[in-house]
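Trainee: Input target_9.cif, format and content: mmCIF, C-alpha atoms and all ligand atoms.
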```cif
data_structure
loop_
_atom_site.group_PDB
_atom_site.id
_atom_site.type_symbol
_atom_site.label_atom_id
_atom_site.label_comp_id
_atom_site.auth_asym_id
_atom_site.auth_seq_id
_atom_site.Cartn_x
_atom_site.Cartn_y
_atom_site.Cartn_z
ATOM 1 C CA MET A 269 107.044 30.969 42.215
ATOM 2 C CA ALA A 270 106.527 27.220 41.989
ATOM 3 C CA ASP A 271 104.357 25.431 44.491
ATOM 4 C CA ALA A 272 106.103 23.218 47.028
ATOM 5 C CA GLN A 273 105.387 19.571 46.356
ATOM 6 C CA LEU A 274 103.592 17.369 48.843
ATOM 7 C CA ARG A 275 104.765 13.768 49.036
ATOM 8 C CA SER A 276 101.494 12.586 50.554
ATOM 9 C CA PRO A 277 97.932 13.410 49.549
ATOM 10 C CA LEU A 278 96.673 16.617 51.141
ATOM 11 C CA TRP A 279 93.681 14.929 52.782
ATOM 12 C CA LEU A 280 95.920 12.310 54.403
ATOM 13 C CA VAL A 281 98.374 14.925 55.701
ATOM 14 C CA ALA A 282 95.438 16.863 57.176
ATOM 15 C CA LEU A 283 93.631 13.860 58.618
ATOM 16 C CA LEU A 284 96.702 12.428 60.334
ATOM 17 C CA GLY A 285 98.312 15.758 61.284
ATOM 18 C CA ARG A 286 101.480 14.957 59.383
ATOM 19 C CA CYS A 287 104.304 17.141 58.153
ATOM 20 C CA PRO A 288 103.401 18.764 54.822
ATOM 21 C CA ARG A 289 106.866 18.111 53.319
ATOM 22 C CA CYS A 290 107.710 14.510 54.244
ATOM 23 C CA GLY A 291 104.266 13.190 55.219
ATOM 24 C CA THR A 292 105.678 11.029 58.024
ATOM 25 C CA GLY A 293 106.546 13.328 60.931
ATOM 26 C CA GLY A 294 103.771 14.863 63.000
ATOM 27 C CA VAL A 295 103.138 18.601 63.220
ATOM 28 C CA PHE A 296 101.368 18.622 66.591
ATOM 29 C CA ALA A 297 103.125 18.749 69.968
ATOM 30 C CA GLY A 298 99.804 18.701 71.827
ATOM 31 C CA PHE A 299 96.167 18.828 70.811
ATOM 32 C CA LEU A 300 96.613 22.014 68.786
ATOM 33 C CA LYS A 301 100.154 23.212 69.575
ATOM 34 C CA ILE A 302 102.502 23.069 66.602
ATOM 35 C CA LYS A 303 105.997 21.590 66.951
ATOM 36 C CA PRO A 304 108.881 23.955 66.177
ATOM 37 C CA ALA A 305 110.188 21.557 63.513
ATOM 38 C CA CYS A 306 109.309 18.240 61.908
ATOM 39 C CA SER A 307 111.018 15.390 63.767
ATOM 40 C CA THR A 308 111.630 13.476 60.538
ATOM 41 C CA CYS A 309 112.727 15.982 57.884
ATOM 42 C CA GLY A 310 113.422 19.044 60.042
ATOM 43 C CA LEU A 311 110.985 21.352 58.220
ATOM 44 C CA ASP A 312 110.789 24.616 60.175
ATOM 45 C CA LEU A 313 107.217 24.876 61.440
ATOM 46 C CA THR A 314 107.702 28.036 63.503
ATOM 47 C CA ARG A 315 106.446 30.139 60.591
ATOM 48 C CA ALA A 316 103.341 27.957 60.196
ATOM 49 C CA ASP A 317 100.558 30.124 61.550
ATOM 50 C CA SER A 318 97.028 29.171 60.649
ATOM 51 C CA GLY A 319 95.577 31.933 62.855
ATOM 52 C CA ASP A 320 91.815 31.801 63.207
ATOM 53 C CA GLY A 321 91.337 29.991 59.896
ATOM 54 C CA PRO A 322 90.577 26.519 61.276
ATOM 55 C CA ALA A 323 88.173 27.934 63.883
ATOM 56 C CA VAL A 324 86.293 29.885 61.227
ATOM 57 C CA PHE A 325 85.811 26.778 59.095
ATOM 58 C CA VAL A 326 84.773 24.768 62.170
ATOM 59 C CA VAL A 327 82.161 27.402 63.048
ATOM 60 C CA LEU A 328 80.795 27.450 59.497
ATOM 61 C CA ILE A 329 80.728 23.667 59.012
ATOM 62 C CA VAL A 330 79.487 22.709 62.489
ATOM 63 C CA GLY A 331 77.001 25.591 62.482
ATOM 64 C CA ALA A 332 75.457 24.444 59.216
ATOM 65 C CA ILE A 333 75.285 20.806 60.318
ATOM 66 C CA THR A 334 73.772 21.802 63.666
ATOM 67 C CA ALA A 335 71.203 24.136 62.140
ATOM 68 C CA PHE A 336 69.973 21.512 59.694
ATOM 69 C CA THR A 337 69.959 18.834 62.401
ATOM 70 C CA ALA A 338 67.930 21.104 64.698
ATOM 71 C CA LEU A 339 65.446 21.799 61.906
ATOM 72 C CA TRP A 340 65.144 18.122 61.040
ATOM 73 C CA LEU A 341 64.739 17.189 64.706
ATOM 74 C CA GLU A 342 62.034 19.783 65.254
ATOM 75 C CA LEU A 343 60.096 19.109 62.059
ATOM 76 C CA THR A 344 60.276 15.328 62.396
ATOM 77 C CA PHE A 345 59.777 14.688 66.125
ATOM 78 C CA LYS A 346 58.793 18.031 67.705
ATOM 79 C CA PRO A 347 60.682 17.133 70.887
ATOM 80 C CA PRO A 348 60.828 19.320 74.029
ATOM 81 C CA TYR A 349 63.663 21.855 74.160
ATOM 82 C CA TRP A 350 65.732 19.794 76.583
ATOM 83 C CA VAL A 351 66.029 17.078 73.898
ATOM 84 C CA HIS A 352 67.447 19.662 71.478
ATOM 85 C CA ALA A 353 70.009 20.661 74.112
ATOM 86 C CA ALA A 354 70.795 17.038 74.962
ATOM 87 C CA VAL A 355 71.330 16.087 71.311
ATOM 88 C CA LEU A 356 72.817 19.233 69.806
ATOM 89 C CA GLY A 357 75.086 20.278 72.687
ATOM 90 C CA PRO A 358 77.306 17.192 72.651
ATOM 91 C CA MET A 359 77.123 17.108 68.849
ATOM 92 C CA VAL A 360 78.492 20.659 68.581
ATOM 93 C CA LEU A 361 81.246 19.959 71.087
ATOM 94 C CA GLY A 362 82.198 16.615 69.522
ATOM 95 C CA LEU A 363 82.200 17.835 65.921
ATOM 96 C CA SER A 364 84.196 20.932 66.843
ATOM 97 C CA LEU A 365 86.880 18.924 68.619
ATOM 98 C CA LEU A 366 86.897 16.353 65.827
ATOM 99 C CA LEU A 367 87.324 18.895 63.020
ATOM 100 C CA LEU A 368 89.643 21.468 64.592
ATOM 101 C CA ARG A 369 92.864 19.449 64.444
ATOM 102 C CA PRO A 370 92.535 18.165 60.845
ATOM 103 C CA LEU A 371 91.523 21.615 59.620
ATOM 104 C CA LYS A 372 94.547 23.170 61.325
ATOM 105 C CA ALA A 373 96.832 20.573 59.739
ATOM 106 C CA LEU A 374 95.112 21.200 56.395
ATOM 107 C CA MET A 375 95.710 24.953 56.597
ATOM 108 C CA ILE A 376 99.371 24.437 57.504
ATOM 109 C CA ALA A 377 99.774 22.012 54.599
ATOM 110 C CA LEU A 378 98.098 24.484 52.227
ATOM 111 C CA GLN A 379 100.377 27.276 53.477
ATOM 112 C CA TYR A 380 103.394 25.072 52.782
ATOM 113 C CA ARG A 381 102.033 23.924 49.420
ATOM 114 C CA HIS A 382 101.439 27.462 48.186
ATOM 115 C CA GLN A 383 104.387 28.976 50.084
ATOM 116 C CA ALA A 384 102.150 31.460 51.845
ATOM 117 C CA GLY A 385 103.800 34.192 53.832
ATOM 118 C CA GLU A 386 103.382 37.736 54.922
ATOM 119 C CA GLY A 387 102.813 40.239 52.159
ATOM 120 C CA ARG A 388 105.853 42.301 51.215
ATOM 121 C CA GLN A 389 106.804 44.799 48.562
ATOM 122 C CA GLU A 390 109.674 44.001 46.250
HETATM 123 ZN ZN ZN B 1 108.695 16.400 57.743
#
```
Here is the file; what I need is its structure written in the form of structure tokens.
Ligand SMILES: [Zn+2]
Mentor:
Amino acid sequence: MADAQLRSPLWLVALLGRCPRCGTGGVFAGFLKIKPACSTCGLDLTRADSGDGPAVFVVLIVGAITAFTALWLELTFKPPYWVHAAVLGPMVLGLSLLLLRPLKALMIALQYRHQAGEGRQE
């Protein structure tokens, strides 16, 4: 089975939330809701299901960044706990919201690229 070709670079499709086939139409109808089809090329996006994949990567990436930032903050400045909460709380929320949408678009583009689907027996 040959891989489906992407017309735009994968990172650009993910970053801008574009259609994995044409690279011009958007895949999002809201913040995270996927459109039923691409408005430009008509690619059926109803089968695009990234599941919990983007959230898992957000947890791993943001968790690692937050843990190292907390360690650095504590070892460098030894601030009171409220400073940790004031710095790390908004950072976790901001990074999570910032990364969730591109990672979802990336997973949908990778599913299209590799023609991922449900497992079936021939
Ligand atoms: Zn398209």
Trainee: Quote the spacing between atom CA of Lys303 of chain A and atom CA of Gln379 of chain A in Å to one decimal place.
Mentor: 15.7 Å
Trainee: Quick one: axis-aligned box around all listed atoms of segment 301-304 of chain A, 5 Å on every side, centre and edge lengths in Å to one decimal, written as AutoDock Vina command-line options.
Mentor:
```
--center_x 104.5 --center_y 22.8 --center_z 67.9 --size_x 18.7 --size_y 12.4 --size_z 13.4
```
Trainee: If the PyMOL selection byres (((not hetatm)) within 9 of (chain B and resi 1)) were run on this exact file, what residues would it hold? Put them as a PyMOL selection string.
Mentor: chain A and resi 286-295+305-312
Trainee: Keeping C-alpha atoms for every residue in the selection just given, could you write it to a file as a short mmCIF file (atom, residue, chain, number, x, y, z; two decimals), in the coordinates of the input?
Mentor:
```cif
data_model
loop_
_atom_site.label_atom_id
_atom_site.label_comp_id
_atom_site.auth_asym_id
_atom_site.auth_seq_id
_atom_site.Cartn_x
_atom_site.Cartn_y
_atom_site.Cartn_z
CA ARG A 286 101.48 14.96 59.38
CA CYS A 287 104.30 17.14 58.15
CA PRO A 288 103.40 18.76 54.82
CA ARG A 289 106.87 18.11 53.32
CA CYS A 290 107.71 14.51 54.24
CA GLY A 291 104.27 13.19 55.22
CA THR A 292 105.68 11.03 58.02
CA GLY A 293 106.55 13.33 60.93
CA GLY A 294 103.77 14.86 63.00
CA VAL A 295 103.14 18.60 63.22
CA ALA A 305 110.19 21.56 63.51
CA CYS A 306 109.31 18.24 61.91
CA SER A 307 111.02 15.39 63.77
CA THR A 308 111.63 13.48 60.54
CA CYS A 309 112.73 15.98 57.88
CA GLY A 310 113.42 19.04 60.04
CA LEU A 311 110.98 21.35 58.22
CA ASP A 312 110.79 24.62 60.18
#
```
Trainee: Which residues match the PyMOL selection byres (((chain A and resi 384) around 12) and not hetatm) in the file above, as an MDAnalysis selection string?
Mentor: chainID A and resid 269:272 315:318 375:383 385:388
Trainee: Can you list, as a list in words, every protein, DNA or RNA residue that comes within 8 Å of Val326 of chain A when you count all atoms listed in the file, leaving out same-chain residues fewer than 6 positions away?
Mentor: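 Returned residues: Ser364, Leu367, Leu368 and Leu371 of chain A.
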Trainee: So the first atom is atom CA of Val360 of chain A and the second is atom CA of Thr334 of chain A; what is the distance between them in Å, to one decimal place?
Mentor: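 Interatomic distance, atom CA of Val360 of chain A to atom CA of Thr334 of chain A: 6.9 Å.
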Trainee: Output the residue selection produced by the PyMOL selection byres (((chain A and resi 352) around 12) and not hetatm) on the file above, formatted as a PyMOL selection string.
Mentor: chain A and resi 334-335+337-343+345-351+353-360
Trainee: Please provide the set of residues having any atom within 6 Å of Ala373 of chain A, restricted to all atoms listed in the file, with same-chain residues fewer than 3 positions apart removed, written as an MDAnalysis selection string.
Mentor: chainID A and resid 282 285 370 376
Trainee: I need the residues from that last selection saved to file as a CSV table (one decimal), keeping the file's coordinate frame (with C-alpha atoms), if you can.
Mentor:
```
chain,number,residue,atom,x,y,z
A,282,ALA,CA,95.4,16.9,57.2
A,285,GLY,CA,98.3,15.8,61.3
A,370,PRO,CA,92.5,18.2,60.8
A,376,ILE,CA,99.4,24.4,57.5
```
Trainee: Quick one: pull the distance between atom CA of Leu300 of chain A and atom CA of Arg369 of chain A, Å, one decimal.
Mentor: 6.3 Å
Trainee: For Leu366 of chain A, which residue among A:Ala332, A:Pro304, A:Pro322, A:Thr314 is the nearest when counting all atoms listed in the file?
Mentor: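 Residue with the minimum atom-to-atom distance to Leu366 of chain A: A:Pro322.
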